[in-house]
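J.: My questions will all concern the structure given below.
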Amino acid sequence: MSETFTKTMARNIFYGGSLFFILVFLGLSFHTTRVLPERDHRENINEDVILGKKLWEDNNCIGCHTLMGEGAYFAPELANVYDRFGKNKEAIKAFIKSRPANGIPGRRSMPQFNFSEEELEALAEFLKWTSEIDDGNWPPNIQG
Amino acid sequence: MKFQSQAVAMPYFIAAIGLFLGQILFGLIMGLQYVMGDFLFPEIPFNVARMVHTNLLIVWVLFGFMGSAYYLIPEESQTELFSPKLALALFWIFLVAGALTIVGYLAVPYATLAEITGNDLLPTMGREFLEQPTITKIGIVIVALGFLFNLGMTVLKGRKTVISMVLMIGLVGLAVMFLFSFYNPHNLVLDKMFWWYTVHLWVEGVWELILGAILAFVLIKITGVDREVIEKWLYMIIAMALITGILGTGHHYFWIGTPDYWQLLGSVFSALEPIPFFMMTLFAFNMINKRRREHPNKAAALWAMGTGVMAFLGAGVWGFLHTLSPVNYYTHGTQITAAHGHMAFYGAYAMIVMTMISYAMPNIRGRIANSRQAQVIEMWGFWLMTVSMVFITLFLTGAGILQVWLQRFSDNPQGFMAVQSQIEVFYWMRELSGVIFLIGLAVYIYSFFAKGDEVTVDNAATASA
């Protein structure tokens, strides 16, 4: 770098630039939280959805699956699983319930979590609510 | 080593390398589970292996950053560390807490761990990379506060340099952004949005300051280039890192329910994120070309150049590959992401820690550099790990391109599992590359024990300054 460009100038670019973009980012974050209600349909977050998210976390589902594309890439995307299963909560519940405890020889298998009926309903509700978030039409197709 | 208290870095470096080994072993388990789905099931399900793999990575890199800071800050400040005892106490607290957490992951089902650690009181668990029990997270905050206090007091009583200021800003930023891990609203969209405050603003934000500061420190030491020049570079690199990286967070706000303007903002700013990494590559090569002394530690110079190149390739090039929103629409959450994650983390953060270890460990052990023989072995470790990581990345990229095509792009998209079985060959090749990586790591670890002709200040011609 040339001699006319001094360390002080570089320092000012760092502090000034960083501060400017921190403020812009905070402003945009604030705006995003203002307009989110139109997109996340938070009015539909009921007790079941809350319990479903808690179960999702307590069983580390994200350790294998992606949800809206984030998570692990070992098992199918679940943000649209409600649609993939024909908008049928019973199908989701039946799938989770029927996983063999000792797995499937040679294949990947979801563990058997021994959920109660109430918990299965909550998980299905959580996945249904998630599928209805306005997320820019992602994923590209039903396969996730 | 100029100050006795810098030696407190040593246990941190040893722990870092030990945990690194654990990370790789669990990576190999996961790699095998990709092709042999029932491997270790149900004893170690994939999600548990992954949690151990990623959490060990985070913890060992943090150990590496802490050790680096304990070594760097006293030397830059030209004074002893404020409290070596505190540093040692925090080391054991962090190590025991980390070990207990890993044992918890492996010993009991995750839901049980959540229950017995009181996740119901303040639910923070079960989110990617932030799987640690809430009490572990609180422990991390306490360790971080003690660590920052110790370093802060050292900086205050000594010389204040640009490098130590940048490192401190990075470390304080690391601690502050971690606090967002305690925010876990019921609303998944808000949860995800602020989860990225920790995850993105760590690895594509404040961690780059830490990386830059450590790189600058090592380059001053091994090249003898004027501090003014190095500091100017450092300022420009971290300026570009934050100018591009902060709004670059937007590339995670494409498909999680956040508004559409993030598509454009996130695409534009994250497309600029390779710039600071490219500058780091130029920085390392330029300084080494302009070196004013022949430092006998050639291995450290290799690591310093290597981290520049690999961080640029992994974080810069592989990040750019899928960061534009029209591309990301198809690649989001596929093996392309995994490919990028592997090379970026290795190139930027694993390698900068090994750069510092390579420079500092010989000094702590009372010599200016390791013997020529030991350095040759260390460089073998460098090449084996680095080249196999390139292949891991290429095979995952191949898997990812096919996955995107078969599952998302073709006229007849196929289901996830059907696609996975068709791309198995790439997973086998990745696993094989992983085995080579493990061999490279073993060679690297062996280099610490290798004997050889002593390098003295006399035959090294110039001493460390």
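Each chain in the structure tokens gets a letter, A, B, ..., in the order shown, and its residues are numbered from 1; ligands are numbered from 1 in order too.
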Using only C-alpha atoms, determine which residues lie at most 10 Å from stretch 78-83 of chain A, disregarding the query and same-chain residues fewer than 5 positions distant; provide the list as a compact mmCIF listing (two decimals) with C-alpha atoms, in the first residue's frame.
T.:
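Just written: result03.txt:
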# COMPACT_ATOMS: atom_id res chain seq x y z
CA CYS A 61 -34.01 -33.07 15.64
CA ILE A 62 -31.79 -30.45 13.96
CA HIS A 65 -32.74 -32.85 9.65
CA THR A 66 -32.77 -29.42 8.10
CA LEU A 67 -35.61 -27.05 8.96
CA MET A 68 -35.91 -24.24 6.42
CA GLY A 69 -32.58 -25.47 5.10
CA GLU A 70 -30.69 -25.09 8.37
CA ASN A 88 -51.97 -34.85 6.83
CA LYS A 89 -50.93 -34.56 10.46
CA ALA A 91 -49.35 -39.34 8.48
CA ILE A 92 -46.58 -37.39 10.23
CA ALA A 124 -47.24 -32.20 13.95
CA GLU A 125 -48.76 -28.82 14.80
CA PHE A 126 -45.29 -27.25 14.98
CA LEU A 127 -44.37 -28.66 11.57
CA LYS A 128 -47.70 -27.53 10.13
CA TRP A 129 -47.19 -23.97 11.43
CA THR A 130 -43.62 -23.96 10.11
CA SER A 131 -44.82 -25.04 6.66
CA GLU A 132 -47.07 -21.98 6.52
CA ILE A 133 -44.33 -19.37 7.11
CA ASP A 135 -40.27 -18.09 3.26
CA TRP A 138 -38.42 -22.29 -0.47
CA PRO A 139 -37.75 -25.22 -0.96
CA ASN A 141 -40.19 -28.34 -4.86
CA ILE A 142 -42.08 -30.78 -2.67
CA GLN A 143 -39.04 -33.07 -2.23
CA GLY A 144 -37.39 -30.44 -0.02
CA ILE B 256 -36.38 -18.25 6.94
J.: Hey, list the chain B side of the contact with chain A: 6 Å cut-off, only C-alpha atoms, answer as a list in words.
T.: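 So the residues of chain B near chain A are Met36, Gly37, Asp38, Asn47, Tyr110, Ala111, Gly126, Glu128, His186, Lys232, Tyr235, Met236, Ala239, Leu242, Ile243, Trp255, Ile256, Gly257, His332, Gly333, Gly415 and Phe416 of chain B.
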J.: Given the selection you just returned, output its residues as a file containing C-alpha atoms, formatted as a short mmCIF file (atom, residue, chain, number, x, y, z; two decimals), in the first residue's frame.
T.:
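Output file selection-v9.cif follows:
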data_model
loop_
_atom_site.label_atom_id
_atom_site.label_comp_id
_atom_site.auth_asym_id
_atom_site.auth_seq_id
_atom_site.Cartn_x
_atom_site.Cartn_y
_atom_site.Cartn_z
CA MET B 36 -23.61 -47.37 6.47
CA GLY B 37 -26.77 -45.92 7.93
CA ASP B 38 -26.99 -48.33 10.88
CA ASN B 47 -27.23 -36.42 15.64
CA TYR B 110 -30.33 -35.74 24.57
CA ALA B 111 -33.85 -35.28 25.96
CA GLY B 126 -31.38 -28.19 20.67
CA GLU B 128 -27.55 -26.18 15.75
CA HIS B 186 -41.32 -19.54 20.68
CA LYS B 232 -2.04 -0.81 8.30
CA TYR B 235 -6.81 -2.37 9.85
CA MET B 236 -7.74 -2.68 6.18
CA ALA B 239 -12.37 -3.01 8.04
CA LEU B 242 -16.90 -5.98 9.07
CA ILE B 243 -18.02 -3.72 6.22
CA TRP B 255 -35.50 -18.49 3.26
CA ILE B 256 -36.38 -18.25 6.94
CA GLY B 257 -39.39 -15.94 6.71
CA HIS B 332 -29.44 -24.09 0.48
CA GLY B 333 -29.05 -26.87 3.03
CA GLY B 415 -36.95 -37.80 -2.78
CA PHE B 416 -34.16 -37.08 -0.32
#
J.: Going by DSSP on the backbone, which residues of stretch 37-136 of chain A come out as helix (DSSP H, G or I)? List them as an NGL selection string.
T.: :A and (37-40 or 42-44 or 47-58 or 61-63 or 81-84 or 89-97 or 117-131)
J.: Would you pick out the contacts of stretch 316-330 of chain B at 7 Å or less, using only C-alpha atoms, so that residues sharing its chain but fewer than 4 positions from it are not included, and give the list as a PyMOL selection string?
T.: (chain A and resi 138+140) or (chain B and resi 251+254+263+267+270-271+273-274+277+311-312+340+404+408)
J.: Take the selection from the previous step and output its residues with C-alpha atoms, as a PDB file, in the first residue's frame.
T.:
ATOM      1  CA  TRP A 138     -38.415 -22.289  -0.469  1.00  0.00           C
ATOM      2  CA  PRO A 140     -37.978 -25.267  -4.760  1.00  0.00           C
TER       3      PRO A 140
ATOM      4  CA  HIS B 251     -27.392 -14.266   3.120  1.00  0.00           C
ATOM      5  CA  PHE B 254     -33.217 -15.572   2.341  1.00  0.00           C
ATOM      6  CA  GLN B 263     -32.257 -11.255  -0.907  1.00  0.00           C
ATOM      7  CA  SER B 267     -26.385 -11.339  -1.935  1.00  0.00           C
ATOM      8  CA  SER B 270     -21.858 -11.505   1.199  1.00  0.00           C
ATOM      9  CA  ALA B 271     -20.520 -11.589  -2.368  1.00  0.00           C
ATOM     10  CA  GLU B 273     -16.962 -11.215   1.874  1.00  0.00           C
ATOM     11  CA  PRO B 274     -14.112 -12.943  -0.016  1.00  0.00           C
ATOM     12  CA  PHE B 277      -9.835 -13.211   2.983  1.00  0.00           C
ATOM     13  CA  ALA B 311      -9.357 -19.338   4.306  1.00  0.00           C
ATOM     14  CA  PHE B 312      -9.714 -17.545   0.982  1.00  0.00           C
ATOM     15  CA  HIS B 340     -18.062 -24.875   2.301  1.00  0.00           C
ATOM     16  CA  VAL B 404     -29.169 -30.323  -6.197  1.00  0.00           C
ATOM     17  CA  ARG B 408     -34.256 -29.873  -6.845  1.00  0.00           C
TER      18      ARG B 408
END
J.: Set out as CSV a contact list for stretch 222-309 of chain B and stretch 205-216 of chain B with a cut-off of 7 Å, giving each residue of stretch 222-309 of chain B that qualifies its closest atom pair and distance in Å to one decimal, counting only C-alpha atoms, ordered by chain and rising residue number.
T.:
residue,atom,partner,partner_atom,distance
B:Ile230,CA,B:Ala216,CA,6.3
B:Leu234,CA,B:Gly212,CA,6.3
B:Ile238,CA,B:Leu209,CA,5.8
B:Ala241,CA,B:Gly205,CA,6.6
B:Leu242,CA,B:Gly205,CA,5.9
B:Gly245,CA,B:Gly205,CA,5.7
B:Ile246,CA,B:Gly205,CA,6.6
B:Ala304,CA,B:Leu215,CA,6.7
J.: Just the residues within 8 Å of stretch 71-80 of chain B, please, counting only C-alpha atoms, with nothing from its chain fewer than 6 positions along; format it as a PyMOL selection string.
T.: chain B and resi 2-9+151+154-155+157-161+163-164+214+217+360
J.: Emit the selected residues as an mmCIF file, in the first residue's frame, including N, CA and C atoms.
T.:
data_model
loop_
_atom_site.group_PDB
_atom_site.id
_atom_site.type_symbol
_atom_site.label_atom_id
_atom_site.label_comp_id
_atom_site.auth_asym_id
_atom_site.auth_seq_id
_atom_site.Cartn_x
_atom_site.Cartn_y
_atom_site.Cartn_z
ATOM 1 N N LYS B 2 9.168 -14.080 26.139
ATOM 2 C CA LYS B 2 9.731 -12.954 26.870
ATOM 3 C C LYS B 2 9.240 -12.875 28.308
ATOM 4 N N PHE B 3 8.055 -13.388 28.548
ATOM 5 C CA PHE B 3 7.471 -13.298 29.888
ATOM 6 C C PHE B 3 7.044 -14.693 30.346
ATOM 7 N N GLN B 4 7.397 -14.996 31.588
ATOM 8 C CA GLN B 4 7.111 -16.324 32.133
ATOM 9 C C GLN B 4 5.632 -16.691 32.008
ATOM 10 N N SER B 5 4.763 -15.686 32.220
ATOM 11 C CA SER B 5 3.328 -15.983 32.273
ATOM 12 C C SER B 5 2.768 -16.406 30.918
ATOM 13 N N GLN B 6 3.525 -16.157 29.835
ATOM 14 C CA GLN B 6 3.038 -16.611 28.522
ATOM 15 C C GLN B 6 2.927 -18.134 28.470
ATOM 16 N N ALA B 7 3.652 -18.803 29.355
ATOM 17 C CA ALA B 7 3.656 -20.273 29.357
ATOM 18 C C ALA B 7 2.280 -20.845 29.689
ATOM 19 N N VAL B 8 1.401 -20.020 30.239
ATOM 20 C CA VAL B 8 0.059 -20.505 30.572
ATOM 21 C C VAL B 8 -0.706 -20.898 29.302
ATOM 22 N N ALA B 9 -0.207 -20.445 28.155
ATOM 23 C CA ALA B 9 -0.843 -20.823 26.886
ATOM 24 C C ALA B 9 -0.696 -22.311 26.606
ATOM 25 N N LEU B 151 -7.148 -10.481 30.587
ATOM 26 C CA LEU B 151 -6.453 -9.860 29.457
ATOM 27 C C LEU B 151 -6.572 -8.339 29.518
ATOM 28 N N THR B 154 -4.231 -6.801 31.845
ATOM 29 C CA THR B 154 -2.870 -6.864 31.318
ATOM 30 C C THR B 154 -2.636 -5.745 30.299
ATOM 31 N N VAL B 155 -3.620 -5.575 29.402
ATOM 32 C CA VAL B 155 -3.487 -4.522 28.394
ATOM 33 C C VAL B 155 -3.415 -3.156 29.065
ATOM 34 N N LYS B 157 -2.316 -2.259 31.986
ATOM 35 C CA LYS B 157 -1.086 -1.897 32.694
ATOM 36 C C LYS B 157 0.127 -1.846 31.762
ATOM 37 N N GLY B 158 -0.044 -2.240 30.507
ATOM 38 C CA GLY B 158 1.116 -2.294 29.618
ATOM 39 C C GLY B 158 0.969 -1.438 28.369
ATOM 40 N N ARG B 159 1.820 -1.768 27.396
ATOM 41 C CA ARG B 159 1.806 -1.060 26.115
ATOM 42 C C ARG B 159 0.543 -1.445 25.333
ATOM 43 N N LYS B 160 -0.069 -0.444 24.715
ATOM 44 C CA LYS B 160 -1.275 -0.734 23.934
ATOM 45 C C LYS B 160 -0.933 -0.696 22.458
ATOM 46 N N THR B 161 -1.039 -1.850 21.815
ATOM 47 C CA THR B 161 -0.716 -1.896 20.386
ATOM 48 C C THR B 161 -1.987 -2.136 19.586
ATOM 49 N N ILE B 163 -2.415 -4.478 17.443
ATOM 50 C CA ILE B 163 -2.721 -5.909 17.432
ATOM 51 C C ILE B 163 -3.479 -6.308 18.690
ATOM 52 N N SER B 164 -3.038 -5.829 19.841
ATOM 53 C CA SER B 164 -3.751 -6.238 21.059
ATOM 54 C C SER B 164 -5.130 -5.599 21.129
ATOM 55 N N ILE B 214 -4.028 -12.456 15.224
ATOM 56 C CA ILE B 214 -3.046 -13.519 15.455
ATOM 57 C C ILE B 214 -2.095 -13.618 14.263
ATOM 58 N N PHE B 217 0.385 -10.792 14.356
ATOM 59 C CA PHE B 217 1.389 -11.009 15.399
ATOM 60 C C PHE B 217 2.466 -11.984 14.919
ATOM 61 N N ALA B 360 4.367 -20.400 18.703
ATOM 62 C CA ALA B 360 4.523 -20.176 20.146
ATOM 63 C C ALA B 360 5.064 -21.385 20.911
#
J.: Do a neighbour search on B:Leu265 at 9 Å with only C-alpha atoms, toss out local chain neighbours closer than 4 positions, and write the hits as a compact mmCIF listing (two decimals) with N, CA and C atoms, in the first residue's frame.
T.:
# COMPACT_ATOMS: atom_id res chain seq x y z
N LEU B 247 -23.55 -6.81 7.11
CA LEU B 247 -24.74 -6.93 6.28
C LEU B 247 -24.76 -8.25 5.52
N GLY B 248 -23.58 -8.87 5.42
CA GLY B 248 -23.53 -10.20 4.82
C GLY B 248 -24.37 -11.22 5.57
N GLY B 250 -27.21 -11.06 5.93
CA GLY B 250 -28.42 -11.18 5.11
C GLY B 250 -28.47 -12.44 4.26
N HIS B 251 -27.31 -13.04 3.95
CA HIS B 251 -27.39 -14.27 3.12
C HIS B 251 -27.97 -15.45 3.90
N TYR B 261 -36.21 -7.88 1.04
CA TYR B 261 -35.05 -7.03 0.73
C TYR B 261 -33.73 -7.66 1.13
N PHE B 269 -23.70 -7.96 -0.26
CA PHE B 269 -22.64 -7.83 0.75
C PHE B 269 -21.89 -9.13 0.98
N SER B 270 -22.59 -10.26 0.97
CA SER B 270 -21.86 -11.51 1.20
C SER B 270 -21.00 -11.85 -0.01
J.: Mind giving me the straight-line distance from atom CA of B:Ile102 to atom CA of B:Phe63 in Å, one decimal?
T.: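 So the two atoms, atom CA of B:Ile102 and atom CA of B:Phe63, lie 15.3 Å apart.
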J.: I'd like the neighbourhood of B:Ala284 as a list in words, where a residue qualifies if any of its atoms comes within 9 Å (using only C-alpha atoms), though same-chain residues fewer than 5 positions away should be ignored.
T.: Leu215, Ala216, Leu219, Met279, Asn289, Ala301, Ala304, Met305, Gly306, Thr307 and Gly308 of chain B
